[in-house]
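**Q** Structure file model.cif (mmCIF, C-alpha atoms) right here:
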data_coords
#
loop_
_atom_site.label_atom_id
_atom_site.label_comp_id
_atom_site.auth_asym_id
_atom_site.auth_seq_id
_atom_site.Cartn_x
_atom_site.Cartn_y
_atom_site.Cartn_z
CA ASP A 1 63.36 63.18 168.60
CA ALA A 2 59.55 63.37 168.63
CA GLY A 3 59.23 63.64 172.42
CA ILE A 4 61.08 60.40 173.17
CA THR A 5 63.72 60.21 175.86
CA GLN A 6 65.95 57.21 176.41
CA SER A 7 68.08 56.65 179.46
CA PRO A 8 70.87 56.06 179.99
CA ARG A 9 72.55 57.24 176.78
CA HIS A 10 75.61 55.10 177.43
CA LYS A 11 76.19 52.17 179.71
CA VAL A 12 79.05 49.78 180.32
CA THR A 13 78.29 46.67 182.32
CA GLU A 14 79.70 43.27 183.05
CA THR A 15 78.53 39.90 181.80
CA GLY A 16 75.86 38.39 184.03
CA THR A 17 74.55 41.63 185.50
CA PRO A 18 70.98 42.82 184.99
CA VAL A 19 70.45 45.98 182.97
CA THR A 20 67.34 48.10 182.50
CA LEU A 21 66.92 50.66 179.75
CA ARG A 22 64.15 53.22 179.95
CA CYS A 23 62.10 54.89 177.26
CA HIS A 24 59.81 57.80 178.06
CA GLN A 25 57.46 59.44 175.54
CA THR A 26 55.39 62.59 175.76
CA GLU A 27 53.37 61.97 172.57
CA ASN A 28 50.72 59.71 174.15
CA HIS A 29 51.24 57.17 171.36
CA ARG A 30 49.81 53.72 171.93
CA TYR A 31 52.59 51.70 170.33
CA MET A 32 56.12 51.52 171.64
CA TYR A 33 59.03 49.39 170.47
CA TRP A 34 62.54 48.37 171.35
CA TYR A 35 65.01 47.77 168.51
CA ARG A 36 68.66 46.92 168.48
CA GLN A 37 71.04 48.00 165.74
CA ASP A 38 74.16 46.05 164.89
CA PRO A 39 76.54 46.33 161.94
CA GLY A 40 75.49 44.02 159.14
CA HIS A 41 72.06 43.35 160.66
CA GLY A 42 70.23 46.62 160.53
CA LEU A 43 67.51 47.40 163.00
CA ARG A 44 65.83 44.38 164.56
CA LEU A 45 62.72 44.36 166.72
CA ILE A 46 63.17 43.02 170.25
CA HIS A 47 59.79 43.62 171.88
CA TYR A 48 56.85 45.90 171.36
CA SER A 49 53.86 47.18 173.28
CA TYR A 50 50.38 47.98 172.03
CA GLY A 51 49.09 49.39 175.29
CA VAL A 52 49.60 49.52 179.04
CA LYS A 53 50.58 46.02 180.20
CA ASP A 54 50.18 44.72 176.63
CA THR A 55 53.48 43.54 175.23
CA ASP A 56 54.70 40.93 172.81
CA LYS A 57 57.91 39.49 171.42
CA GLY A 58 59.67 40.68 168.34
CA GLU A 59 62.17 38.88 166.14
CA VAL A 60 65.12 38.83 168.58
CA SER A 61 63.52 38.65 172.03
CA ASP A 62 65.64 35.93 173.68
CA GLY A 63 67.36 37.28 176.79
CA TYR A 64 65.16 40.37 177.00
CA SER A 65 61.98 41.27 178.86
CA VAL A 66 59.86 44.40 178.84
CA SER A 67 57.27 46.15 180.94
CA ARG A 68 54.85 48.96 180.36
CA SER A 69 53.01 50.15 183.45
CA LYS A 70 52.15 53.59 182.05
CA THR A 71 51.42 54.85 178.55
CA GLU A 72 54.52 57.00 178.57
CA ASP A 73 57.09 54.49 179.85
CA PHE A 74 58.49 51.33 178.27
CA LEU A 75 61.30 49.47 180.00
CA LEU A 76 63.68 46.95 178.46
CA THR A 77 65.47 44.57 180.82
CA LEU A 78 68.40 42.32 180.12
CA GLU A 79 68.06 39.76 182.88
CA SER A 80 71.69 38.61 182.69
CA ALA A 81 73.67 40.59 180.17
CA THR A 82 75.91 38.78 177.68
CA SER A 83 78.55 40.13 175.32
CA SER A 84 76.25 39.38 172.36
CA GLN A 85 73.89 42.02 173.73
CA THR A 86 76.47 44.75 173.17
CA SER A 87 74.58 46.98 170.76
CA VAL A 88 72.84 50.28 170.21
CA TYR A 89 69.28 50.13 171.49
CA PHE A 90 66.58 52.37 170.08
CA CYS A 91 63.15 52.98 171.44
CA ALA A 92 60.50 53.93 168.90
CA ILE A 93 56.88 54.97 168.97
CA SER A 94 54.06 54.96 166.47
CA GLU A 95 50.60 56.39 166.53
CA SER A 96 48.82 54.41 163.86
CA GLY A 97 49.86 50.87 164.64
CA MET A 98 52.28 48.11 163.88
CA GLY A 99 54.17 48.28 160.61
CA GLU A 100 53.61 52.00 160.27
CA LYS A 101 55.66 55.16 160.69
CA LEU A 102 58.12 54.93 163.53
CA PHE A 103 59.75 57.77 165.40
CA PHE A 104 62.93 56.94 167.24
CA GLY A 105 64.57 58.04 170.44
CA SER A 106 68.22 59.02 170.52
CA GLY A 107 69.45 55.55 171.45
CA THR A 108 71.43 53.84 174.18
CA GLN A 109 74.91 52.52 173.54
CA LEU A 110 75.31 49.41 175.69
CA SER A 111 78.62 47.62 176.11
CA VAL A 112 78.73 44.30 177.93
CA LEU A 113 82.28 43.35 178.94
CA GLN B 1 62.69 36.47 158.34
CA LYS B 2 61.54 39.08 155.86
CA GLU B 3 64.36 40.31 153.69
CA VAL B 4 65.00 43.91 152.82
CA GLU B 5 68.10 44.31 150.70
CA GLN B 6 70.11 47.44 150.11
CA ASN B 7 73.49 48.06 148.59
CA SER B 8 75.67 49.00 151.56
CA GLY B 9 77.71 51.46 149.51
CA PRO B 10 79.40 53.73 150.04
CA LEU B 11 77.70 55.67 147.30
CA SER B 12 79.57 58.83 146.41
CA VAL B 13 78.05 61.63 144.33
CA PRO B 14 79.24 65.17 143.63
CA GLU B 15 77.37 68.09 145.12
CA GLY B 16 74.39 69.04 142.97
CA ALA B 17 74.02 65.60 141.41
CA ILE B 18 71.15 63.13 141.78
CA ALA B 19 71.71 60.33 144.30
CA SER B 20 69.79 57.13 143.63
CA LEU B 21 69.27 54.65 146.45
CA ASN B 22 67.68 51.27 145.88
CA CYS B 23 65.93 48.65 147.96
CA THR B 24 64.35 45.29 147.21
CA TYR B 25 62.10 43.30 149.50
CA SER B 26 60.95 39.71 149.69
CA ASP B 27 57.37 39.88 151.01
CA ARG B 28 54.90 40.27 148.14
CA VAL B 29 52.10 41.42 150.45
CA SER B 30 54.01 44.36 151.94
CA GLN B 31 51.96 47.55 151.77
CA SER B 32 53.96 50.24 153.57
CA PHE B 33 57.42 51.48 152.64
CA PHE B 34 59.61 54.01 154.35
CA TRP B 35 62.95 55.71 153.96
CA TYR B 36 64.90 56.80 157.01
CA ARG B 37 68.03 58.91 157.16
CA GLN B 38 70.58 58.20 159.87
CA TYR B 39 73.55 60.42 160.55
CA SER B 40 76.55 58.82 162.18
CA GLY B 41 75.92 58.30 165.89
CA LYS B 42 72.33 59.51 165.65
CA SER B 43 68.92 57.91 165.50
CA PRO B 44 66.99 57.14 162.29
CA GLU B 45 64.81 59.98 161.04
CA LEU B 46 61.78 59.35 158.81
CA ILE B 47 62.07 61.24 155.53
CA MET B 48 59.62 59.53 153.15
CA SER B 49 56.74 57.10 153.17
CA ILE B 50 55.06 55.53 150.15
CA TYR B 51 52.14 53.14 149.88
CA SER B 52 51.12 53.11 146.19
CA ASN B 53 52.93 52.27 143.00
CA GLY B 54 54.55 55.21 141.30
CA ASP B 55 56.41 58.28 142.46
CA LYS B 56 55.96 60.46 145.52
CA GLU B 57 57.82 63.74 145.73
CA ASP B 58 58.66 65.81 148.79
CA GLY B 59 61.06 68.68 148.16
CA ARG B 60 64.33 67.30 146.85
CA PHE B 61 63.29 63.72 147.69
CA THR B 62 61.36 61.35 145.44
CA ALA B 63 60.34 57.87 146.50
CA GLN B 64 59.50 55.36 143.80
CA LEU B 65 57.62 52.12 144.34
CA ASN B 66 57.12 49.15 142.04
CA LYS B 67 55.28 46.39 143.86
CA ALA B 68 55.36 44.01 140.90
CA SER B 69 59.16 44.12 140.94
CA GLN B 70 59.27 44.39 144.75
CA TYR B 71 61.46 47.43 144.43
CA VAL B 72 61.50 50.80 146.15
CA SER B 73 63.95 53.61 145.53
CA LEU B 74 64.82 57.05 146.82
CA LEU B 75 66.11 59.83 144.61
CA ILE B 76 67.78 62.88 146.11
CA ARG B 77 68.02 65.78 143.68
CA ASP B 78 70.58 68.57 143.99
CA SER B 79 72.50 66.54 146.56
CA GLN B 80 74.12 68.55 149.35
CA PRO B 81 76.99 67.63 151.70
CA SER B 82 74.39 67.67 154.49
CA ASP B 83 72.72 64.70 152.77
CA SER B 84 75.75 62.56 153.62
CA ALA B 85 74.30 59.87 155.87
CA THR B 86 73.14 56.27 155.88
CA TYR B 87 69.72 55.72 154.32
CA LEU B 88 67.59 52.89 155.66
CA CYS B 89 64.81 51.24 153.74
CA ALA B 90 61.95 49.83 155.84
CA VAL B 91 59.12 47.59 154.70
CA ASN B 92 56.19 46.21 156.63
CA GLY B 93 55.44 42.51 156.83
CA ARG B 94 54.34 39.66 159.05
CA GLY B 95 57.07 38.53 161.40
CA GLU B 96 57.58 35.09 162.89
CA THR B 97 55.19 35.95 165.72
CA GLY B 98 52.46 36.89 163.24
CA ALA B 99 52.51 40.55 164.13
CA ASN B 100 52.80 43.24 161.48
CA ASN B 101 56.28 44.68 161.90
CA LEU B 102 58.67 46.96 160.08
CA PHE B 103 61.72 45.24 158.64
CA PHE B 104 64.79 47.30 157.91
CA GLY B 105 67.58 46.97 155.42
CA THR B 106 71.16 47.42 156.57
CA GLY B 107 71.34 50.81 154.91
CA THR B 108 73.25 52.53 152.12
CA ARG B 109 75.93 55.01 153.11
CA LEU B 110 75.82 58.13 150.95
CA THR B 111 78.65 60.62 150.69
CA VAL B 112 78.11 63.89 148.84
CA ILE B 113 81.42 65.37 147.73
CA PRO B 114 81.63 69.20 147.74
#
Could I get this structure in the form of structure tokens?

**A**
Amino acid sequence: DAGITQSPRHKVTETGTPVTLRCHQTENHRYMYWYRQDPGHGLRLIHYSYGVKDTDKGEVSDGYSVSRSKTEDFLLTLESATSSQTSVYFCAISESGMGEKLFFGSGTQLSVL
Amino acid sequence: QKEVEQNSGPLSVPEGAIASLNCTYSDRVSQSFFWYRQYSGKSPELIMSIYSNGDKEDGRFTAQLNKASQYVSLLIRDSQPSDSATYLCAVNGRGETGANNLFFGTGTRLTVIP
């Protein structure tokens, strides 16, 4: 998966608890992204980063925050998880910029009960 | 919200046949188009990119783009059971925040019957 590691691979949590998902890349790519994938919706962009400490919102950012303190790490935090955030979360990276080729990590299956 | 439409399938073809997957998009200024393959329970894998009108071939895969009709397709020749997967179409465009993003269709599930 193009030198991208996501952790954890699976997580079950309860409504109202905070959750942090981690993405680690070894490709030294500038751009990193968090997507969620849900049946009937396809992949939707949550947040993205275009450099260390440079992040911005995607199309479905409500309830999520991100941080990027190092080139290789991009964290996604659900401040207070809700059942609607049950999904598969994919981290992706790109070298050449927004709207270009993406390479995905192996995903995190998150269940919020 | 930019729209990328795909027939969800399932599309079933016999082994050795040509599989044809189609995608339409709503943003006339889109310039970059991608096809991803996703096996069940796995992450999307980039298989083709196309930027200009016409055909682009890579092995058994051919991507076709028609910007005037806002249509992009993927042909898989000599289909193999290992091609059975969901194929995602992705198109670039300006999102609500103004950034240039990739927008994905919901995918077409392909089954190749031995």

**Q** Name the residues captured by the PyMOL selection byres ((chain B and resi 2-14) around 8) when it is applied to the shown file; answer as an NGL selection string.

**A** :B and (1 or 15-19 or 22-27 or 79 or 89-91 or 93-95 or 103-114)

**Q** Within 6 Å of chain B, which residues belong to chain A? Use all atoms listed in the file and report them as a ChimeraX atom specification.

**A** /A:41-43,98-99,106

**Q** Which residues come within 7 Å of stretch 55-60 of chain A, counting all atoms listed in the file, excluding same-chain residues fewer than 6 positions away, as a PDB file with C-alpha atoms, in the coordinates of the input?

**A**
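Written file, part17.pdb:
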ATOM      1  CA  ARG A  44      65.830  44.380 164.560  1.00  0.00           C
ATOM      2  CA  LEU A  45      62.720  44.360 166.720  1.00  0.00           C
ATOM      3  CA  ILE A  46      63.170  43.020 170.250  1.00  0.00           C
ATOM      4  CA  HIS A  47      59.790  43.620 171.880  1.00  0.00           C
ATOM      5  CA  TYR A  48      56.850  45.900 171.360  1.00  0.00           C
ATOM      6  CA  SER A  49      53.860  47.180 173.280  1.00  0.00           C
TER       7      SER A  49
ATOM      8  CA  GLY B  95      57.070  38.530 161.400  1.00  0.00           C
ATOM      9  CA  GLU B  96      57.580  35.090 162.890  1.00  0.00           C
TER      10      GLU B  96
END

**Q** Between A:Thr20, A:Ser111, A:Thr86, A:Ser7, which is the closest to A:Ser65 once you count all atoms listed in the file?

**A**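 Of all the options, A:Thr20 lies closest to A:Ser65.
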
**Q** In Å, rounded to a single decimal, give me how far atom CA of A:Val19 is from atom CA of A:Ser84.

**A**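 Taking atom CA of A:Ser84 and atom CA of A:Val19, their separation equals 13.8 Å.
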
**Q** Taking the file as I've supplied it (selection: the PyMOL selection byres ((chain A and resi 24-32) around 12)), which residues are included? Please answer as a PyMOL selection string.

**A** (chain A and resi 1-8+21-23+33-35+45-56+58+66-76+90-107) or (chain B and resi 101)

**Q** Just the residues within 7 Å of A:Tyr64, please, counting all atoms listed in the file, with nothing from its chain fewer than 3 positions along; format it as a PyMOL selection string.

**A** chain A and resi 61+76-79

**Q** For a test of reading the model, state the distance in Å between atom CA of A:Val112 and atom CA of A:Val88, rounded to one decimal.

**A**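 Atom CA of A:Val88 lies 11.4 Å from atom CA of A:Val112.
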
**Q** Which residues are close to B:Asn53, i.e. within 7 Å by all atoms listed in the file, leaving aside same-chain residues fewer than 6 positions away? Reply as a list of chain:residue names.

**A**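 With the cut-off at 7 Å, the set is B:Leu65, B:Asn66, B:Lys67.
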
**Q** Enter the distance from atom CA of B:Thr62 to atom CA of B:Leu75, in Å, rounded to one decimal.

**A**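 Value for the atom CA of B:Thr62-atom CA of B:Leu75 distance: 5.1 Å.
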
**Q** Which residues, named as in the file, does the PyMOL selection byres ((chain A and resi 81) around 6) pick out? Answer as a short mmCIF file (atom, residue, chain, number, x, y, z; two decimals) with C-alpha atoms, keeping the file's coordinate frame.

**A**
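Output contents, as saved in selection.cif:
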data_model
loop_
_atom_site.label_atom_id
_atom_site.label_comp_id
_atom_site.auth_asym_id
_atom_site.auth_seq_id
_atom_site.Cartn_x
_atom_site.Cartn_y
_atom_site.Cartn_z
CA THR A 15 78.53 39.90 181.80
CA GLY A 16 75.86 38.39 184.03
CA THR A 17 74.55 41.63 185.50
CA PRO A 18 70.98 42.82 184.99
CA LEU A 78 68.40 42.32 180.12
CA SER A 80 71.69 38.61 182.69
CA THR A 82 75.91 38.78 177.68
#

**Q** Taking the structure in the block just given, could you write stretch 8-26 of chain B with C-alpha atoms, as a CSV table (one decimal), in the first residue's frame?

**A**
chain,number,residue,atom,x,y,z
B,8,SER,CA,-23.6,0.0,-9.4
B,9,GLY,CA,-23.9,-3.3,-11.1
B,10,PRO,CA,-23.3,-6.1,-10.5
B,11,LEU,CA,-21.9,-6.5,-14.0
B,12,SER,CA,-21.2,-10.1,-14.9
B,13,VAL,CA,-19.1,-11.2,-17.8
B,14,PRO,CA,-17.7,-14.6,-18.8
B,15,GLU,CA,-14.0,-15.2,-18.5
B,16,GLY,CA,-12.2,-14.0,-21.6
B,17,ALA,CA,-14.8,-11.4,-22.5
B,18,ILE,CA,-14.5,-7.6,-22.6
B,19,ALA,CA,-15.9,-5.8,-19.5
B,20,SER,CA,-17.1,-2.3,-20.1
B,21,LEU,CA,-17.4,0.1,-17.2
B,22,ASN,CA,-18.9,3.5,-17.5
B,23,CYS,CA,-18.8,6.8,-15.6
B,24,THR,CA,-20.3,10.2,-16.2
B,25,TYR,CA,-19.4,13.4,-14.3
B,26,SER,CA,-21.0,16.8,-13.8
